[in-house]
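Shown next: upload-v6.txt, given as compact mmCIF, C-alpha atoms and all ligand atoms.
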# COMPACT_ATOMS: atom_id res chain seq x y z
CA MET A 1 -14.72 -16.23 13.00
CA SER A 2 -13.78 -19.41 11.10
CA PRO A 3 -15.56 -18.56 7.80
CA PHE A 4 -13.55 -15.33 7.75
CA ARG A 5 -10.14 -16.88 8.42
CA VAL A 6 -7.49 -17.87 5.86
CA THR A 7 -3.75 -18.58 5.93
CA SER A 8 -0.82 -17.19 3.96
CA GLU A 9 -1.07 -20.35 1.81
CA THR A 10 -4.65 -19.58 0.72
CA PRO A 11 -4.83 -18.53 -2.96
CA VAL A 12 -5.37 -14.81 -3.55
CA SER A 13 -8.61 -15.53 -5.43
CA GLU A 14 -10.05 -17.27 -2.34
CA ILE A 15 -8.96 -14.45 -0.01
CA LEU A 16 -10.68 -11.99 -2.35
CA GLY A 17 -13.77 -14.20 -2.37
CA VAL A 18 -14.09 -13.95 1.44
CA LEU A 19 -13.36 -10.21 1.42
CA ASN A 20 -15.97 -9.59 -1.28
CA GLN A 21 -18.60 -11.74 0.39
CA HIS A 22 -18.29 -10.54 4.00
CA GLY A 23 -16.41 -7.23 3.73
CA PHE A 24 -13.43 -8.56 5.67
CA VAL A 25 -11.01 -11.45 6.03
CA VAL A 26 -8.27 -12.41 8.53
CA ILE A 27 -4.97 -13.83 7.28
CA GLU A 28 -3.47 -15.61 10.27
CA ARG A 29 0.19 -15.23 11.25
CA LEU A 30 1.29 -13.56 8.02
CA VAL A 31 4.44 -12.09 9.58
CA SER A 32 6.78 -13.33 12.30
CA ALA A 33 6.77 -12.42 15.98
CA SER A 34 10.33 -11.07 15.60
CA LEU A 35 9.20 -8.60 12.92
CA MET A 36 6.48 -7.43 15.30
CA ASP A 37 9.04 -7.16 18.16
CA GLN A 38 11.15 -4.91 15.96
CA LEU A 39 8.17 -2.75 15.02
CA ALA A 40 7.06 -2.49 18.66
CA ALA A 41 10.53 -1.32 19.72
CA GLU A 42 10.70 1.32 16.98
CA VAL A 43 7.27 2.74 17.69
CA ALA A 44 7.27 2.61 21.53
CA PRO A 45 8.69 6.11 22.18
CA PHE A 46 6.15 7.66 19.82
CA VAL A 47 3.26 5.82 21.48
CA ASP A 48 4.31 7.16 24.87
CA ALA A 49 4.29 10.67 23.39
CA SER A 50 0.84 10.30 21.69
CA ALA A 51 -2.03 11.88 23.60
CA PRO A 52 -5.27 9.89 24.14
CA GLY A 53 -8.22 10.69 21.86
CA ARG A 54 -10.34 13.77 22.52
CA ASP A 55 -13.77 12.20 21.99
CA GLN A 56 -15.65 8.93 22.23
CA TYR A 57 -15.08 8.18 18.55
CA ASP A 58 -11.28 8.47 18.71
CA GLY A 59 -11.43 6.88 22.17
CA VAL A 60 -10.48 8.65 25.38
CA HIS A 61 -8.42 5.58 26.38
CA THR A 62 -6.99 5.11 22.89
CA ARG A 63 -3.71 6.49 21.54
CA ARG A 64 -3.26 6.99 17.81
CA THR A 65 0.28 7.22 16.51
CA GLY A 66 0.76 8.14 12.85
CA ALA A 67 3.56 8.97 10.40
CA LEU A 68 4.76 5.38 10.58
CA ILE A 69 6.66 5.56 7.28
CA ARG A 70 8.93 8.19 8.77
CA ARG A 71 9.05 6.92 12.34
CA CYS A 72 9.08 3.21 11.95
CA PRO A 73 11.13 1.52 9.18
CA THR A 74 9.56 -1.89 9.87
CA ALA A 75 6.10 -0.48 9.13
CA ARG A 76 7.35 0.07 5.56
CA THR A 77 7.63 -3.68 5.10
CA LEU A 78 4.03 -4.10 6.25
CA VAL A 79 2.86 -1.40 3.81
CA MET A 80 4.62 -3.29 0.99
CA ASN A 81 3.72 -6.84 2.10
CA PRO A 82 3.43 -8.85 -1.14
CA LEU A 83 0.31 -10.86 -0.24
CA VAL A 84 -1.54 -7.79 1.04
CA ARG A 85 -0.60 -5.90 -2.12
CA ALA A 86 -1.77 -8.79 -4.31
CA VAL A 87 -5.17 -8.74 -2.60
CA VAL A 88 -5.57 -4.96 -2.35
CA GLY A 89 -4.25 -4.45 -5.91
CA GLN A 90 -7.03 -6.65 -7.26
CA PHE A 91 -9.68 -5.38 -4.86
CA LEU A 92 -9.06 -1.79 -6.01
CA GLY A 93 -8.09 -2.85 -9.55
CA HIS A 94 -11.02 -0.95 -11.11
CA ALA A 95 -9.01 2.29 -10.65
CA SER A 96 -5.87 3.21 -12.63
CA THR A 97 -3.78 3.19 -9.45
CA TYR A 98 -4.13 2.65 -5.73
CA GLN A 99 -2.10 4.30 -2.97
CA LEU A 100 -1.34 4.37 0.73
CA HIS A 101 -4.17 6.13 2.57
CA LEU A 102 -2.95 6.19 6.18
CA THR A 103 -0.59 4.58 8.67
CA GLN A 104 -1.60 4.58 12.35
CA LEU A 105 -0.78 2.47 15.36
CA ILE A 106 -3.97 2.18 17.43
CA THR A 107 -3.32 1.44 21.09
CA ILE A 108 -6.52 0.62 23.00
CA GLU A 109 -5.89 0.79 26.73
CA PRO A 110 -7.73 -1.02 29.53
CA GLY A 111 -11.04 0.66 30.33
CA GLU A 112 -11.79 1.75 26.75
CA SER A 113 -15.40 1.23 25.62
CA GLU A 114 -16.65 0.09 22.21
CA GLN A 115 -16.10 2.51 19.35
CA LYS A 116 -19.20 3.59 17.45
CA PRO A 117 -19.73 1.34 14.41
CA HIS A 118 -18.87 3.20 11.22
CA ARG A 119 -17.77 2.81 7.63
CA ASP A 120 -14.26 4.13 6.97
CA GLN A 121 -15.28 5.58 3.59
CA MET A 122 -17.19 8.28 5.53
CA ALA A 123 -13.82 10.07 5.64
CA PHE A 124 -14.53 11.16 2.06
CA ASP A 125 -16.91 13.83 3.31
CA PHE A 126 -19.66 11.18 3.73
CA PHE A 127 -19.89 10.79 -0.04
CA ASP A 128 -22.14 7.85 -0.94
CA PHE A 129 -20.03 5.77 -3.25
CA PRO A 130 -22.23 3.39 -5.27
CA ILE A 131 -22.82 0.04 -3.54
CA GLY A 132 -20.39 -1.88 -5.75
CA TYR A 133 -17.69 0.80 -5.82
CA HIS A 134 -14.84 0.37 -3.37
CA ALA A 135 -12.72 3.47 -2.78
CA GLN A 136 -10.55 1.90 -0.09
CA CYS A 137 -9.27 -1.31 1.43
CA ASN A 138 -7.86 -1.43 4.96
CA THR A 139 -5.54 -3.56 6.99
CA MET A 140 -5.19 -3.95 10.74
CA TRP A 141 -2.04 -5.83 11.72
CA ALA A 142 -2.08 -7.45 15.17
CA LEU A 143 0.94 -6.07 17.04
CA THR A 144 -0.44 -7.73 20.19
CA ASP A 145 -2.85 -10.67 20.15
CA PHE A 146 -6.39 -9.48 19.39
CA THR A 147 -8.90 -11.04 21.81
CA THR A 148 -12.57 -10.51 22.65
CA ASP A 149 -11.44 -9.10 26.01
CA ASN A 150 -8.74 -6.68 24.91
CA GLY A 151 -10.69 -4.90 22.16
CA ALA A 152 -10.33 -6.92 18.96
CA THR A 153 -11.97 -5.02 16.08
CA ARG A 154 -15.73 -5.64 15.80
CA LEU A 155 -17.24 -6.08 12.33
CA ALA A 156 -20.70 -6.73 10.90
CA PRO A 157 -20.36 -9.39 8.17
CA GLY A 158 -22.00 -8.42 4.89
CA SER A 159 -22.89 -4.90 6.05
CA GLY A 160 -21.38 -3.15 3.02
CA GLY A 161 -24.83 -2.44 1.58
CA LEU A 162 -27.42 -0.09 2.90
CA LEU A 163 -27.75 -1.43 6.44
CA ASP A 164 -28.49 1.35 8.92
CA PRO A 165 -25.63 1.68 11.44
CA GLU A 166 -28.17 2.43 14.21
CA SER A 167 -30.16 -0.75 13.51
CA GLU A 168 -30.58 -3.16 16.42
CA ALA A 169 -30.32 -6.05 13.98
CA ILE A 170 -26.63 -5.60 13.30
CA HIS A 171 -24.72 -8.71 14.18
CA MET A 172 -21.08 -8.04 15.06
CA VAL A 173 -18.24 -10.53 15.27
CA GLN A 174 -14.79 -9.84 16.68
CA ALA A 175 -11.57 -10.28 14.73
CA GLU A 176 -9.72 -12.37 17.27
CA MET A 177 -6.29 -13.11 15.88
CA PRO A 178 -2.81 -13.95 17.10
CA ARG A 179 0.03 -11.44 16.87
CA GLY A 180 1.44 -11.15 13.33
CA SER A 181 -1.97 -11.75 11.71
CA VAL A 182 -3.71 -9.17 9.54
CA LEU A 183 -7.37 -8.24 9.21
CA LEU A 184 -8.35 -6.85 5.79
CA TYR A 185 -11.65 -4.96 5.58
CA ASP A 186 -13.24 -2.78 2.97
CA GLY A 187 -14.31 0.86 3.31
CA LYS A 188 -18.02 -0.01 3.45
CA VAL A 189 -18.23 -2.66 6.15
CA LEU A 190 -19.57 -1.51 9.54
CA HIS A 191 -16.93 -1.96 12.20
CA GLY A 192 -15.29 -0.34 15.21
CA GLY A 193 -12.70 -0.93 17.90
CA GLY A 194 -13.78 -3.25 20.72
CA ALA A 195 -14.00 -2.51 24.45
CA ASN A 196 -10.85 -3.33 26.39
CA ARG A 197 -11.93 -5.26 29.50
CA SER A 198 -8.48 -6.77 30.00
CA ASP A 199 -5.52 -5.49 32.03
CA HIS A 200 -3.22 -4.96 29.03
CA VAL A 201 -3.16 -2.84 25.87
CA ARG A 202 -4.38 -3.96 22.45
CA GLN A 203 -2.18 -2.64 19.64
CA GLY A 204 -3.03 -2.78 15.95
CA VAL A 205 -1.16 -1.25 13.04
CA ASN A 206 -3.81 0.28 10.83
CA ILE A 207 -2.48 0.65 7.27
CA THR A 208 -5.08 1.56 4.70
CA TYR A 209 -5.10 1.96 0.91
CA SER A 210 -7.33 3.94 -1.41
CA VAL A 211 -7.90 4.37 -5.12
CA GLY A 212 -5.41 6.82 -6.62
CA TRP A 213 -7.93 9.56 -7.36
CA VAL A 214 -9.01 10.49 -3.82
CA ARG A 215 -7.28 12.60 -1.21
CA GLN A 216 -5.26 10.52 1.25
CA GLU A 217 -6.42 10.47 4.87
CA GLU A 218 -2.86 10.95 6.16
CA ASN A 219 -0.84 13.55 4.25
CA GLN A 220 2.13 11.45 3.18
CA TYR A 221 4.11 14.39 1.73
CA LEU A 222 4.25 16.19 5.09
CA ALA A 223 4.11 13.18 7.44
CA CYS A 224 7.30 12.01 5.75
CA PRO A 225 9.27 15.09 4.67
CA PRO A 226 11.22 15.12 1.36
CA GLU A 227 14.63 14.63 3.01
CA VAL A 228 13.42 11.31 4.46
CA ALA A 229 11.35 10.42 1.37
CA ARG A 230 14.49 10.69 -0.81
CA THR A 231 16.04 7.82 1.18
CA LEU A 232 13.14 5.45 0.37
CA ASP A 233 12.88 3.15 -2.63
CA ASP A 234 10.80 3.96 -5.68
CA ASP A 235 8.08 1.34 -5.14
CA LEU A 236 7.36 2.55 -1.62
CA LEU A 237 7.36 6.17 -2.80
CA LYS A 238 4.88 5.37 -5.57
CA MET A 239 2.66 3.70 -2.99
CA MET A 240 2.88 6.85 -0.83
CA GLY A 241 1.55 8.91 -3.73
CA TYR A 242 4.68 9.86 -5.65
CA GLN A 243 3.03 8.60 -8.82
CA GLN A 244 0.44 9.74 -11.29
CA GLY A 245 -2.85 8.89 -9.56
CA ALA A 246 -4.69 8.82 -12.89
CA PHE A 247 -3.95 10.46 -16.23
CA ALA A 248 -4.19 14.05 -14.99
CA LEU A 249 -3.61 13.67 -11.24
CA GLY A 250 -0.57 14.48 -9.16
CA TYR A 251 1.84 16.14 -11.58
CA VAL A 252 4.30 18.85 -10.53
CA GLY A 253 4.86 22.12 -12.39
CA ASP A 254 5.07 21.56 -16.14
CA GLN A 255 3.47 18.09 -16.07
CA GLN A 256 6.51 16.64 -14.33
CA ASP A 257 6.23 13.17 -12.78
CA PRO A 258 6.14 13.51 -8.95
CA LEU A 259 8.74 10.80 -8.30
CA ALA A 260 11.09 12.40 -10.84
CA ALA A 261 10.52 15.78 -9.18
CA LEU A 262 11.47 14.32 -5.77
CA ARG A 263 14.60 12.74 -7.26
CA GLY A 264 15.51 16.00 -9.05
CA THR A 265 15.10 14.69 -12.59
CA ASP A 266 12.72 15.98 -15.24
CA THR A 267 10.47 13.24 -16.59
CA LYS A 268 6.99 14.13 -17.79
CA VAL A 269 3.93 12.22 -16.57
CA LYS A 270 2.42 9.65 -18.91
CA THR A 271 0.03 10.91 -21.57
CA VAL A 272 -3.65 10.04 -21.63
CA GLU A 273 -2.81 7.63 -24.46
CA SER A 274 -0.90 5.34 -22.07
CA PHE A 275 -4.04 4.71 -20.03
CA ARG A 276 -5.87 3.40 -23.10
CA GLU A 277 -5.21 -0.26 -22.29
CA THR A 278 -6.23 -0.16 -18.64
CA ASN A 279 -9.51 1.67 -18.64
CA GLU A 280 -12.52 1.38 -20.91
CA SER A 281 -13.62 4.98 -20.41
CA PHE A 282 -10.12 6.23 -21.25
CA ARG A 283 -10.13 4.04 -24.36
CA ALA A 284 -13.36 5.60 -25.58
CA PHE A 285 -12.06 9.07 -24.75
CA VAL A 286 -8.65 8.62 -26.40
CA ASP A 287 -10.25 7.14 -29.52
CA GLY A 288 -12.12 10.43 -29.88
CA ILE A 289 -8.97 12.60 -29.86
CA ASP A 290 -7.82 13.71 -33.31
CA GLU A 291 -4.24 12.92 -34.33
CA PRO A 292 -2.07 16.08 -34.36
CA ARG A 293 -1.87 17.55 -37.87
O1 LIG B 1 -9.01 -0.08 16.54
C1 LIG B 1 -9.81 -0.73 15.89
O2 LIG B 1 -9.99 -1.94 16.05
C2 LIG B 1 -10.65 -0.07 14.82
C3 LIG B 1 -10.44 1.41 14.73
C4 LIG B 1 -11.27 2.02 13.65
O3 LIG B 1 -12.08 1.41 13.05
C5 LIG B 1 -11.09 3.45 13.32
O4 LIG B 1 -10.52 4.20 14.13
O5 LIG B 1 -11.53 3.86 12.23
FE FE B 2 -12.68 2.45 11.26
Translate the structure of the given file into structure tokens.
Amino acid sequence: MSPFRVTSETPVSEILGVLNQHGFVVIERLVSASLMDQLAAEVAPFVDASAPGRDQYDGVHTRRTGALIRRCPTARTLVMNPLVRAVVGQFLGHASTYQLHLTQLITIEPGESEQKPHRDQMAFDFFDFPIGYHAQCNTMWALTDFTTDNGATRLAPGSGGLLDPESEAIHMVQAEMPRGSVLLYDGKVLHGGGANRSDHVRQGVNITYSVGWVRQEENQYLACPPEVARTLDDDLLKMMGYQQGAFALGYVGDQQDPLAALRGTDTKVKTVESFRETNESFRAFVDGIDEPR
């Protein structure tokens, strides 16, 4: 794993270099054990209430616990972690905005077998995004240590191209990492949960991000109802999708900004003109619009 490992001191450009080259990178010990203790305590009752998966893909010995923004205040700090946002913001910087895609605690219990290798971008109805186009960037935070025995995520370095998932030639490595570390991986890299041959659970907080123009995997507007959303700060709400995803996406009613609508004020979304600086295609489009007479 060493070529894929960095620290919180590593410059963002280097972290991006590893992510771009291999499809994933591990930042070791990015948050403290006490933050993870707090998160574990908040989420524990919901894990106990989550049913195991119904098929081999979800994992019949795996519990998936979502809605972490609502249920687990400490997960909000992971979603908004500055270093992760710096990396993801640049990785998905080709789009006008990026957003939270899902939050899910994945608890792999003893006896679980390997999950089928897959690319997470298949969630978009198996649409074949062009090889160089990244629609999402994922994180897996180690709530417990991740070891080869307890089911650390398996990944195939450099498999973001056209490699056939069924191919025998796929070489997988495991993202072993101590508690508090985070694995970042793109939506194209082949990966899957590992088998848990140990006598204890493996828990990872899966928080993923996508470009602002796709549908989110977890419905943030219902997973976190408006009465809770109104208690959250603006930056987190924008990340959850209370923002204009692109010039014509996500408005409410008469072109009202979604965050303003939640707060009960009446601000219009930005015009197409305001996207001129950020996007070459917008620039060309806006330049072709006649001035009002
Ligand atoms: O639990 C893991 O290590 C990976 C899970 C995963 O890749 C998924 O469910 O999409
Ligand atoms: Fe996955």
Within 9 Å of A:Leu102, counting only C-alpha atoms, which residues show up once you throw out same-chain ones fewer than 5 positions away? Write them as a PDB file with C-alpha atoms, in the frame of the given file, please.
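Result file is result03.pdb:
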ATOM      1  CA  GLY A  66       0.760   8.140  12.850  1.00  0.00           C
ATOM      2  CA  ALA A  67       3.560   8.970  10.400  1.00  0.00           C
ATOM      3  CA  LEU A  68       4.760   5.380  10.580  1.00  0.00           C
ATOM      4  CA  ASN A 206      -3.810   0.280  10.830  1.00  0.00           C
ATOM      5  CA  ILE A 207      -2.480   0.650   7.270  1.00  0.00           C
ATOM      6  CA  THR A 208      -5.080   1.560   4.700  1.00  0.00           C
ATOM      7  CA  TYR A 209      -5.100   1.960   0.910  1.00  0.00           C
ATOM      8  CA  GLN A 216      -5.260  10.520   1.250  1.00  0.00           C
ATOM      9  CA  GLU A 217      -6.420  10.470   4.870  1.00  0.00           C
ATOM     10  CA  GLU A 218      -2.860  10.950   6.160  1.00  0.00           C
ATOM     11  CA  ASN A 219      -0.840  13.550   4.250  1.00  0.00           C
ATOM     12  CA  GLN A 220       2.130  11.450   3.180  1.00  0.00           C
TER      13      GLN A 220
END
Legend entry - Within 8 Å of ligand LIG 1 (chain B), counting all atoms listed in the file, residues as a count of residues only: 22
Legend entry - Shell of 12 Å around A:Gly161, all atoms listed in the file, local chain residues under 6 positions omitted, as a list in words: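 Near A:Gly161, the qualifying residues are Asn20, Gln21, His22, Gly23, Arg119, Asp128, Phe129, Pro130, Ile131, Gly132, Tyr133, His134, Asp186, Gly187, Lys188, Val189 and Leu190 of chain A.
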Inset, instruction - Please provide the set of residues having any atom within 6 Å of A:Ala195, restricted to only C-alpha atoms, with same-chain residues fewer than 6 positions apart removed, written as a PyMOL selection string. - result: chain A and resi 112-114+151
Can I get the selected residues back with C-alpha atoms, as a PDB file, in the coordinates of the input?
ATOM      1  CA  GLU A 112     -11.790   1.750  26.750  1.00  0.00           C
ATOM      2  CA  SER A 113     -15.400   1.230  25.620  1.00  0.00           C
ATOM      3  CA  GLU A 114     -16.650   0.090  22.210  1.00  0.00           C
ATOM      4  CA  GLY A 151     -10.690  -4.900  22.160  1.00  0.00           C
TER       5      GLY A 151
END
Inset, instruction - Take atom CA of A:Leu105 and atom CA of A:Gln243 and report the distance between them in Å, one decimal. - result: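 One can read the atom CA of A:Leu105 to atom CA of A:Gln243 distance as 25.2 Å.
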Inset, instruction - Find the residues near A:Ser181: any atom within 7 Å, counting only C-alpha atoms, skip ones fewer than 5 places away on the same chain, and give them as a ChimeraX atom specification. - result: /A:27-31,141-142
Inset, instruction - Please write as number ranges by chain the list of polymer residues whose atoms come within 12 Å of (3.0, 0.9, 0.0), counting only C-alpha atoms and keeping to the coordinates of the file. - result: A: 68-69, 75-82, 84-86, 88-89, 97-103, 139, 207-210, 220, 232-243
Inset, instruction - Counting only C-alpha atoms and all ligand atoms, figure out which residue out of A:Arg230, A:Phe127, A:Tyr185, A:Ala223 gets nearest to ligand FE 2 (chain B). - result: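 Between A:Arg230, A:Phe127, A:Tyr185, A:Ala223, the residue approaching ligand FE 2 (chain B) most closely is A:Tyr185.
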